[in-house]
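Undergrad: My questions all concern the structure below.
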Amino acid sequence: MPTRTDGRRVDAATQAHVRRTAVKAVRAGMTQTAAAATFGVSGRAVNKWMAVDKTGGLRALAAKQRGRPVGAGRLSAAQASKIRQQILDKMPDQLKLRFFLWTRAAVVALLAREYDVAVSLTTVCRYLKAWGFRVQQPVRRAYERNDAAIARWLKTEYPAIVRDAKREGATIYWGDEMGLRSAHVTGTSYALVGQTPVVRATGQRFGCSMISAITNRGHLVFRVFHGTFRAPMFVDFMRRLRLQSPGKVYLIVDGHPTHRSKIAKAFVAANTTDFRLIQLPGYCPELNPDELLNQDVKTNALGKSRPRSREEMMTAVRRHRFRRQKQPHVIKNLFQEKHVRYAA
């Protein structure tokens, strides 16, 4: 039985000669099956050649350039490095592309515009993987944030705060507050495709509030209460924090209006020897590790319970916070996040 020729091991000119000879033989009366056996190719190949011959003649069976088109999907090391840096430094709209997030299509458009290189989505995916990129959910950042002020805080201001705290024997606390609502739903659940899982919970609307402060040594203090967070509540929290702390207290908070209220400033001014209130730059919640603890409460305390009343909700939140007070290693780990790594 004749063996088939592996066309991948034959040069382009020889392949074209075989195609034309087989087509001429079929034109002369040989069956396609016989031609395939004679020339050592598949019957499917001969059938394809005959179809090409009907539309374009023998010229259409001439040798063509093999492989991908010239310039398609080929980036030099310098080009690849530049594209990677552009993706790191800018978002697509900042580069005047019609996208707002980096997707494979956005990278395809960038390559076409910068280097006139046409690549497939699959090729772009390989490029991105080789450059160290993975699909991730983006983090929301406010337009109003001052990146220069944030950089100055991390590089200059916070190190100075640490030095002052060591000199005065003070403890640095990070404080924040949040509201909790009965309609909050978090977490995921397995379900059949196309059937959204249903969570049974009360239809009543209620909530509670909480204020807390943590240290990078793993210490946690908190207060759960009912009602809106107002300046008197914040002042009372600062007073209690000062009374139960053995030394001076440095409390770092965000720019909430309550933190900048007149009575809060008056309290700090009257207790400068053992209390200092410090504000973070505006619109940078990622710098406050207590924000991560708030998310922990929403996910693991409220999200995994179904309180039927405000009292049940407050009990669940208190119980979870008491548990975290006995787990200082969990609190310490919050300071190891890449965007909140502060000195101990």
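Residue numbering restarts at 1 in every chain; chains get A, B, ... in the order shown in the structure tokens, and ligands count up from 1 in that same order.
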Please list as a list in words every residue within 9 Å of A:Gly175, counting only C-alpha atoms and excluding residues in the same chain fewer than 5 positions away.
TA: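 Surrounding residues, per the criterion: Ile211, Ser212, Ala213, Ile214, Leu251, Ile252, Val253, Asp254, Asn288, Pro289, Asp290 and Glu291 of chain A.
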Undergrad: Filtering to N, CA, C and O atoms, could you give me those residues as a CSV table (one decimal), in the first residue's frame?
TA:
chain,number,residue,atom,x,y,z
A,211,ILE,N,-18.1,52.0,65.4
A,211,ILE,CA,-16.8,52.8,65.3
A,211,ILE,C,-15.7,51.9,66.0
A,211,ILE,O,-16.0,51.2,67.0
A,212,SER,N,-14.6,51.9,65.4
A,212,SER,CA,-13.5,51.0,65.9
A,212,SER,C,-12.1,51.6,65.7
A,212,SER,O,-12.0,52.6,64.9
A,213,ALA,N,-11.1,51.1,66.4
A,213,ALA,CA,-9.8,51.5,66.2
A,213,ALA,C,-8.9,50.3,66.4
A,213,ALA,O,-9.1,49.5,67.3
A,214,ILE,N,-7.8,50.2,65.6
A,214,ILE,CA,-6.9,49.1,65.7
A,214,ILE,C,-5.4,49.6,65.7
A,214,ILE,O,-5.2,50.7,65.3
A,251,LEU,N,-4.4,58.9,67.2
A,251,LEU,CA,-5.6,58.3,66.4
A,251,LEU,C,-5.6,58.9,65.0
A,251,LEU,O,-5.7,60.1,64.8
A,252,ILE,N,-5.4,58.0,64.0
A,252,ILE,CA,-5.4,58.4,62.6
A,252,ILE,C,-6.7,58.0,62.0
A,252,ILE,O,-7.2,56.9,62.1
A,253,VAL,N,-7.4,59.0,61.4
A,253,VAL,CA,-8.7,58.9,60.8
A,253,VAL,C,-8.8,59.5,59.5
A,253,VAL,O,-7.8,60.2,59.1
A,254,ASP,N,-9.9,59.3,58.8
A,254,ASP,CA,-10.0,60.0,57.5
A,254,ASP,C,-10.6,61.4,57.6
A,254,ASP,O,-10.7,61.9,58.7
A,288,ASN,N,-6.1,53.1,55.1
A,288,ASN,CA,-6.5,52.8,56.5
A,288,ASN,C,-6.8,51.3,56.6
A,288,ASN,O,-7.8,50.8,56.1
A,289,PRO,N,-6.0,50.6,57.4
A,289,PRO,CA,-6.3,49.1,57.5
A,289,PRO,C,-7.6,48.8,58.3
A,289,PRO,O,-8.1,47.7,58.2
A,290,ASP,N,-8.1,49.8,59.0
A,290,ASP,CA,-9.4,49.6,59.7
A,290,ASP,C,-10.5,49.4,58.7
A,290,ASP,O,-11.5,48.8,59.0
A,291,GLU,N,-10.4,49.9,57.5
A,291,GLU,CA,-11.3,49.7,56.4
A,291,GLU,C,-11.4,48.2,56.1
A,291,GLU,O,-12.5,47.7,55.8
Undergrad: May I have the residues within 12 Å of A:Leu97 as an MDAnalysis selection string, using only C-alpha atoms and disregarding those fewer than 4 positions away in the same chain?
TA: chainID A and resid 87 90:93 101:103 105:114
Undergrad: Could you take the residues named above and write them with C-alpha atoms, as an mmCIF file, in the first residue's frame?
TA:
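Full text of part14.cif as output:
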data_model
loop_
_atom_site.group_PDB
_atom_site.id
_atom_site.type_symbol
_atom_site.label_atom_id
_atom_site.label_comp_id
_atom_site.auth_asym_id
_atom_site.auth_seq_id
_atom_site.Cartn_x
_atom_site.Cartn_y
_atom_site.Cartn_z
ATOM 1 C CA ILE A 87 -0.436 49.142 30.138
ATOM 2 C CA LYS A 90 -2.005 54.299 31.809
ATOM 3 C CA MET A 91 -5.598 53.261 31.273
ATOM 4 C CA PRO A 92 -6.882 52.908 27.682
ATOM 5 C CA ASP A 93 -8.847 56.176 27.711
ATOM 6 C CA LEU A 101 -10.466 49.114 31.023
ATOM 7 C CA TRP A 102 -7.656 46.947 29.715
ATOM 8 C CA THR A 103 -9.074 44.031 27.730
ATOM 9 C CA ALA A 105 -9.391 43.974 22.388
ATOM 10 C CA ALA A 106 -7.892 47.134 23.884
ATOM 11 C CA VAL A 107 -4.375 45.695 23.609
ATOM 12 C CA VAL A 108 -5.067 44.639 20.004
ATOM 13 C CA ALA A 109 -6.072 48.223 19.226
ATOM 14 C CA LEU A 110 -2.968 49.580 20.957
ATOM 15 C CA LEU A 111 -0.649 47.282 18.978
ATOM 16 C CA ALA A 112 -2.341 48.212 15.713
ATOM 17 C CA ARG A 113 -2.025 51.919 16.427
ATOM 18 C CA GLU A 114 1.521 51.936 17.797
#
Undergrad: To test your reading of the structure, identify every residue in stretch 195-301 of chain A that backbone DSSP assigns to helix (DSSP H, G or I), and report it as a count of residues only.
TA: 43
Undergrad: Give me the residues near stretch 310-315 of chain A as a PyMOL selection string, where near means some atom within 7 Å (using only C-alpha atoms) and where sequence neighbours in that chain fewer than 5 positions away do not count.
TA: chain A and resi 206-208+224
Undergrad: Write to file, as an mmCIF file, in the first residue's frame, the residues of the selection just made, with N, CA, C and O atoms.
TA:
data_model
loop_
_atom_site.group_PDB
_atom_site.id
_atom_site.type_symbol
_atom_site.label_atom_id
_atom_site.label_comp_id
_atom_site.auth_asym_id
_atom_site.auth_seq_id
_atom_site.Cartn_x
_atom_site.Cartn_y
_atom_site.Cartn_z
ATOM 1 N N PHE A 206 -33.722 47.856 58.876
ATOM 2 C CA PHE A 206 -33.120 48.368 60.105
ATOM 3 C C PHE A 206 -31.603 48.306 59.955
ATOM 4 O O PHE A 206 -31.085 47.737 58.989
ATOM 5 N N GLY A 207 -30.901 48.863 60.890
ATOM 6 C CA GLY A 207 -29.441 48.864 60.812
ATOM 7 C C GLY A 207 -28.827 49.317 62.118
ATOM 8 O O GLY A 207 -29.509 49.598 63.102
ATOM 9 N N CYS A 208 -27.527 49.369 62.119
ATOM 10 C CA CYS A 208 -26.784 49.854 63.280
ATOM 11 C C CYS A 208 -25.479 50.455 62.788
ATOM 12 O O CYS A 208 -25.141 50.357 61.601
ATOM 13 N N VAL A 224 -20.423 49.423 69.206
ATOM 14 C CA VAL A 224 -21.570 49.238 68.320
ATOM 15 C C VAL A 224 -22.739 50.019 68.908
ATOM 16 O O VAL A 224 -23.022 49.922 70.111
#
Undergrad: If we count only C-alpha atoms and set the cut-off at 6 Å, which residues sit around stretch 19-33 of chain A, ignoring sequence neighbours fewer than 3 positions away in its own chain? Please answer as a compact mmCIF listing (two decimals) with N, CA, C and O atoms, in the first residue's frame.
TA:
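Result file follows (out-v3.txt):
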# COMPACT_ATOMS: atom_id res chain seq x y z
N ALA A 16 3.48 22.51 -4.93
CA ALA A 16 2.71 23.08 -6.03
C ALA A 16 2.73 22.17 -7.25
O ALA A 16 1.71 22.00 -7.95
N ALA A 36 -5.43 10.37 -5.57
CA ALA A 36 -4.92 10.47 -4.21
C ALA A 36 -3.97 9.31 -3.90
O ALA A 36 -2.92 9.51 -3.28
N GLY A 43 -7.66 11.92 -0.13
CA GLY A 43 -8.74 12.22 -1.07
C GLY A 43 -9.34 13.59 -0.81
O GLY A 43 -9.78 14.28 -1.74
Undergrad: Find the residues around A:Arg217 up to 12 Å (only C-alpha atoms counted), leave out those fewer than 3 positions away in its own chain, and share them as a list of chain:residue names.
TA: A:Thr171, A:Ile172, A:Tyr173, A:Trp174, A:Ala213, A:Ile214, A:Leu220, A:Gln325, A:Gln327, A:Pro328, A:His329, A:Val330, A:Ile331, A:Lys332, A:Asn333, A:Leu334, A:Phe335, A:Gln336, A:Tyr342, A:Ala343, A:Ala344
